[in-house]
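Worksheet: the structure to be examined is printed underneath.
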Amino acid sequence: MPDVASVTVTPLSPVLGARMDGIDLHRPLDEAAFAVVHDAFLRHQVLCFPGQHLSADDQIRFCGYFGRADSDYKAPASQLAPADRTRADYRKGVMLVTNVRKDGVPIGNLPDGDMQFHSDGAHRPNPYLATTLYGIRVPREGGDTLFANLYAAHDALPPSMKERIEGLRVHNVYLLDATDAAEFDADDPRMRHAVHPLVRVHPETGRRALYVNRLMSRWIEDMDRAEGEALVAELVAVSERPELVYAHKWTQGDFLIWDNRCVNHARSDFTPDEVRLLRRYTISDAA
Ligand code: OGA
Ligand code: MN
């Protein structure tokens, strides 16, 4: 059990993120320790616990403090042609995010290269509350995970735009394992769709977040399609402003959790010559 007094919280950037030292997540957290973690999570939106040695069970236990750890195995969709991906492949749960291949076939998901900004599960009726990633093997260069602060994106809008978008709903679409919106056609009947408030009031902080992203968000409900697309494009551009983004450079043993309700994330490119292996569990609302 960590002694809460020795836990430190150090901001990772001016825009979001904090590093927490003095906590060994291989051990259960008591109530006092979780209170410190939860407070930092709400305040900083992304937390990094460096130097961890975590089993899958450790990671599931940690997820369980926040909500329900999604622990089903996801199909490694990268093994499936897009046309073969079914609803069953969209199970919630654990996956390896990795470029490791066996007989030339990726053993996990999202194997290669860069990935556009998105919020995990925004194409589902109940998006994931948070996502955790544990860095088992990381490349020396690149493969950073980028985080964008969606509270700050909403704050950055002019008052007239805030007024215009309040109450609007955004239509999100996704094809499992896609890393770029150009990889799939939103009108393809196989796509998963969901509609969500464009301005998302965070249930725990009460703050407004601009819930829109480049990979999944397409148009606005009850608005002319072209007009909606233009509005989405304008808001996406705000959400990706460099001053709202923190790029996390991975060190082996880093354990990250981020709040999908107020953070978008993306990935920078990296060489296929180095191994990148992360263990990922999502967290859903407990209810
Ligand atoms: C994810 C994801 C980014 C990364 O696991 O949901 O978007 O850096 N990963 O691999
Ligand atoms: Mn993701």
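In the structure tokens, chains take the letters A, B, ... in the order shown, each chain's residues start at 1, and ligands count up from 1 in the order shown.
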
With a distance cut-off of 9 Å and only C-alpha atoms, select the neighbouring residues of A:Asn109, excluding the residue or stretch itself and same-chain residues fewer than 2 positions from it, and output the selection as a PDB file with N, CA and C atoms, in the first residue's frame.
```
ATOM      1  N   LYS A  74     -10.729  -8.847 -27.709  1.00  0.00           N
ATOM      2  CA  LYS A  74     -11.172  -8.331 -29.001  1.00  0.00           C
ATOM      3  C   LYS A  74     -10.529  -9.139 -30.112  1.00  0.00           C
ATOM      4  N   ALA A  75     -11.233  -9.321 -31.204  1.00  0.00           N
ATOM      5  CA  ALA A  75     -10.616  -9.959 -32.371  1.00  0.00           C
ATOM      6  C   ALA A  75      -9.503  -9.058 -32.877  1.00  0.00           C
ATOM      7  N   PRO A  76      -8.335  -9.627 -33.199  1.00  0.00           N
ATOM      8  CA  PRO A  76      -7.332  -8.797 -33.857  1.00  0.00           C
ATOM      9  C   PRO A  76      -7.823  -8.464 -35.260  1.00  0.00           C
ATOM     10  N   ALA A  77      -8.493  -7.320 -35.370  1.00  0.00           N
ATOM     11  CA  ALA A  77      -9.189  -7.001 -36.613  1.00  0.00           C
ATOM     12  C   ALA A  77      -8.250  -6.881 -37.795  1.00  0.00           C
ATOM     13  N   SER A  78      -6.992  -6.597 -37.485  1.00  0.00           N
ATOM     14  CA  SER A  78      -6.051  -6.434 -38.586  1.00  0.00           C
ATOM     15  C   SER A  78      -5.852  -7.738 -39.355  1.00  0.00           C
ATOM     16  N   GLN A  79      -6.294  -8.847 -38.767  1.00  0.00           N
ATOM     17  CA  GLN A  79      -6.218 -10.113 -39.495  1.00  0.00           C
ATOM     18  C   GLN A  79      -7.394 -10.286 -40.442  1.00  0.00           C
ATOM     19  N   MET A  95      -6.922  -5.660 -25.585  1.00  0.00           N
ATOM     20  CA  MET A  95      -6.223  -5.961 -26.814  1.00  0.00           C
ATOM     21  C   MET A  95      -4.755  -5.593 -26.668  1.00  0.00           C
ATOM     22  N   LEU A  96      -3.966  -6.224 -27.499  1.00  0.00           N
ATOM     23  CA  LEU A  96      -2.573  -5.822 -27.604  1.00  0.00           C
ATOM     24  C   LEU A  96      -2.502  -4.822 -28.742  1.00  0.00           C
ATOM     25  N   VAL A  97      -1.925  -3.676 -28.468  1.00  0.00           N
ATOM     26  CA  VAL A  97      -1.657  -2.704 -29.523  1.00  0.00           C
ATOM     27  C   VAL A  97      -0.204  -2.944 -29.912  1.00  0.00           C
ATOM     28  N   THR A  98      -0.011  -3.577 -31.058  1.00  0.00           N
ATOM     29  CA  THR A  98       1.358  -4.010 -31.365  1.00  0.00           C
ATOM     30  C   THR A  98       1.598  -4.290 -32.837  1.00  0.00           C
ATOM     31  N   ASN A  99       2.829  -4.074 -33.236  1.00  0.00           N
ATOM     32  CA  ASN A  99       3.256  -4.422 -34.602  1.00  0.00           C
ATOM     33  C   ASN A  99       3.921  -5.805 -34.645  1.00  0.00           C
ATOM     34  N   PRO A 106      -0.359  -9.743 -37.819  1.00  0.00           N
ATOM     35  CA  PRO A 106      -0.283  -9.069 -36.517  1.00  0.00           C
ATOM     36  C   PRO A 106      -0.968  -9.872 -35.414  1.00  0.00           C
ATOM     37  N   ILE A 107      -0.352  -9.952 -34.249  1.00  0.00           N
ATOM     38  CA  ILE A 107      -0.962 -10.698 -33.141  1.00  0.00           C
ATOM     39  C   ILE A 107      -1.952  -9.835 -32.363  1.00  0.00           C
ATOM     40  N   PRO A 111      -1.513  -2.127 -35.642  1.00  0.00           N
ATOM     41  CA  PRO A 111      -0.084  -2.454 -35.651  1.00  0.00           C
ATOM     42  C   PRO A 111       0.855  -1.332 -36.090  1.00  0.00           C
ATOM     43  N   ASP A 112       0.483  -0.624 -37.156  1.00  0.00           N
ATOM     44  CA  ASP A 112       1.523   0.174 -37.819  1.00  0.00           C
ATOM     45  C   ASP A 112       1.199   1.664 -37.911  1.00  0.00           C
ATOM     46  N   ASP A 177     -10.142  -0.877 -36.272  1.00  0.00           N
ATOM     47  CA  ASP A 177      -8.725  -0.898 -36.648  1.00  0.00           C
ATOM     48  C   ASP A 177      -8.320   0.147 -37.686  1.00  0.00           C
TER      49      ASP A 177
END
```

Next on the checklist: From a backbone DSSP assignment, name each residue in stretch 130-236 of chain A labelled helix (DSSP H, G or I), as a count of residues only.
Outcome noted: 29

Checklist entry - Mind checking DSSP for stretch 95-278 of chain A and telling me the strand (DSSP E or B) residues as a PyMOL selection string? => result chain A and resi 95-98+101-102+105-106+109+115-118+130-137+145-149+169-174+192-197+199-201+208-210+217-220+245-248+255-259+263-267+277-278

For A:Val15, work out the shell of residues within 7 Å, counting only C-alpha atoms and skipping chain neighbours fewer than 4 positions away, then give it as a tab-separated table (two decimals) with N, CA and C atoms, in the first residue's frame.
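Contents of selection-v1.tsv, as written:
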```
chain	number	residue	atom	x	y	z
A	149	ASN	N	-6.60	18.25	-25.33
A	149	ASN	CA	-7.50	18.64	-24.24
A	149	ASN	C	-8.80	19.22	-24.81
A	244	LEU	N	-2.98	22.76	-27.75
A	244	LEU	CA	-3.89	21.94	-26.94
A	244	LEU	C	-3.41	20.50	-26.82
A	245	VAL	N	-2.26	20.21	-27.42
A	245	VAL	CA	-1.80	18.81	-27.55
A	245	VAL	C	-0.51	18.55	-26.77
A	246	TYR	N	-0.49	17.42	-26.10
A	246	TYR	CA	0.72	16.92	-25.44
A	246	TYR	C	1.10	15.59	-26.11
```

Checklist entry - Which protein, DNA or RNA residues have an atom within 6 Å of ligand 1, counting only C-alpha atoms and all ligand atoms, as a list in words? => result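 Residues satisfying the distance criterion: Val97, Asp120, Asp144, Thr145, Ala266 and Arg267 of chain A.
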
Please, which residues in chain A fall within 10 Å of ligand 2 when counting only C-alpha atoms and all ligand atoms, and what is the closest atom pair and distance in Å to one decimal for each, ordered by chain then residue number, as a tab-separated table?
```
residue	atom	partner	partner_atom_place_in_ligand_line	distance
A:Val97	CA	ligand 2	1 (Mn)	9.6
A:Leu110	CA	ligand 2	1 (Mn)	8.9
A:Met115	CA	ligand 2	1 (Mn)	8.5
A:Gln116	CA	ligand 2	1 (Mn)	9.1
A:Phe117	CA	ligand 2	1 (Mn)	8.1
A:His118	CA	ligand 2	1 (Mn)	6.3
A:Ser119	CA	ligand 2	1 (Mn)	6.2
A:Asp120	CA	ligand 2	1 (Mn)	4.9
A:Gly121	CA	ligand 2	1 (Mn)	8.2
A:Ala122	CA	ligand 2	1 (Mn)	9.9
A:Thr131	CA	ligand 2	1 (Mn)	7.9
A:Thr132	CA	ligand 2	1 (Mn)	9.9
A:Leu133	CA	ligand 2	1 (Mn)	9.8
A:Thr145	CA	ligand 2	1 (Mn)	9.3
A:Asp177	CA	ligand 2	1 (Mn)	9.3
A:Thr179	CA	ligand 2	1 (Mn)	9.1
A:Asn260	CA	ligand 2	1 (Mn)	9.1
A:Asn264	CA	ligand 2	1 (Mn)	8.3
A:His265	CA	ligand 2	1 (Mn)	6.4
A:Ala266	CA	ligand 2	1 (Mn)	6.9
A:Arg267	CA	ligand 2	1 (Mn)	8.7
A:Arg280	CA	ligand 2	1 (Mn)	9.5
A:Thr282	CA	ligand 2	1 (Mn)	9.7
```

Checklist entry - Got a sec: who's within 9 Å of stretch 227-236 of chain A, counting only C-alpha atoms, leaving out chain neighbours fewer than 5 positions off, as a PyMOL selection string? => result chain A and resi 153+157+170+210+212-214+217-222+241

Checklist entry - Which neighbours of A:Pro28 fall inside 10 Å, counting only C-alpha atoms, when residues of the same chain fewer than 2 positions from it are skipped, and could you give them as a VMD selection string? => result chain A and resid 1 to 2 23 to 26 30 to 31 33 to 34 58 61 to 62 65
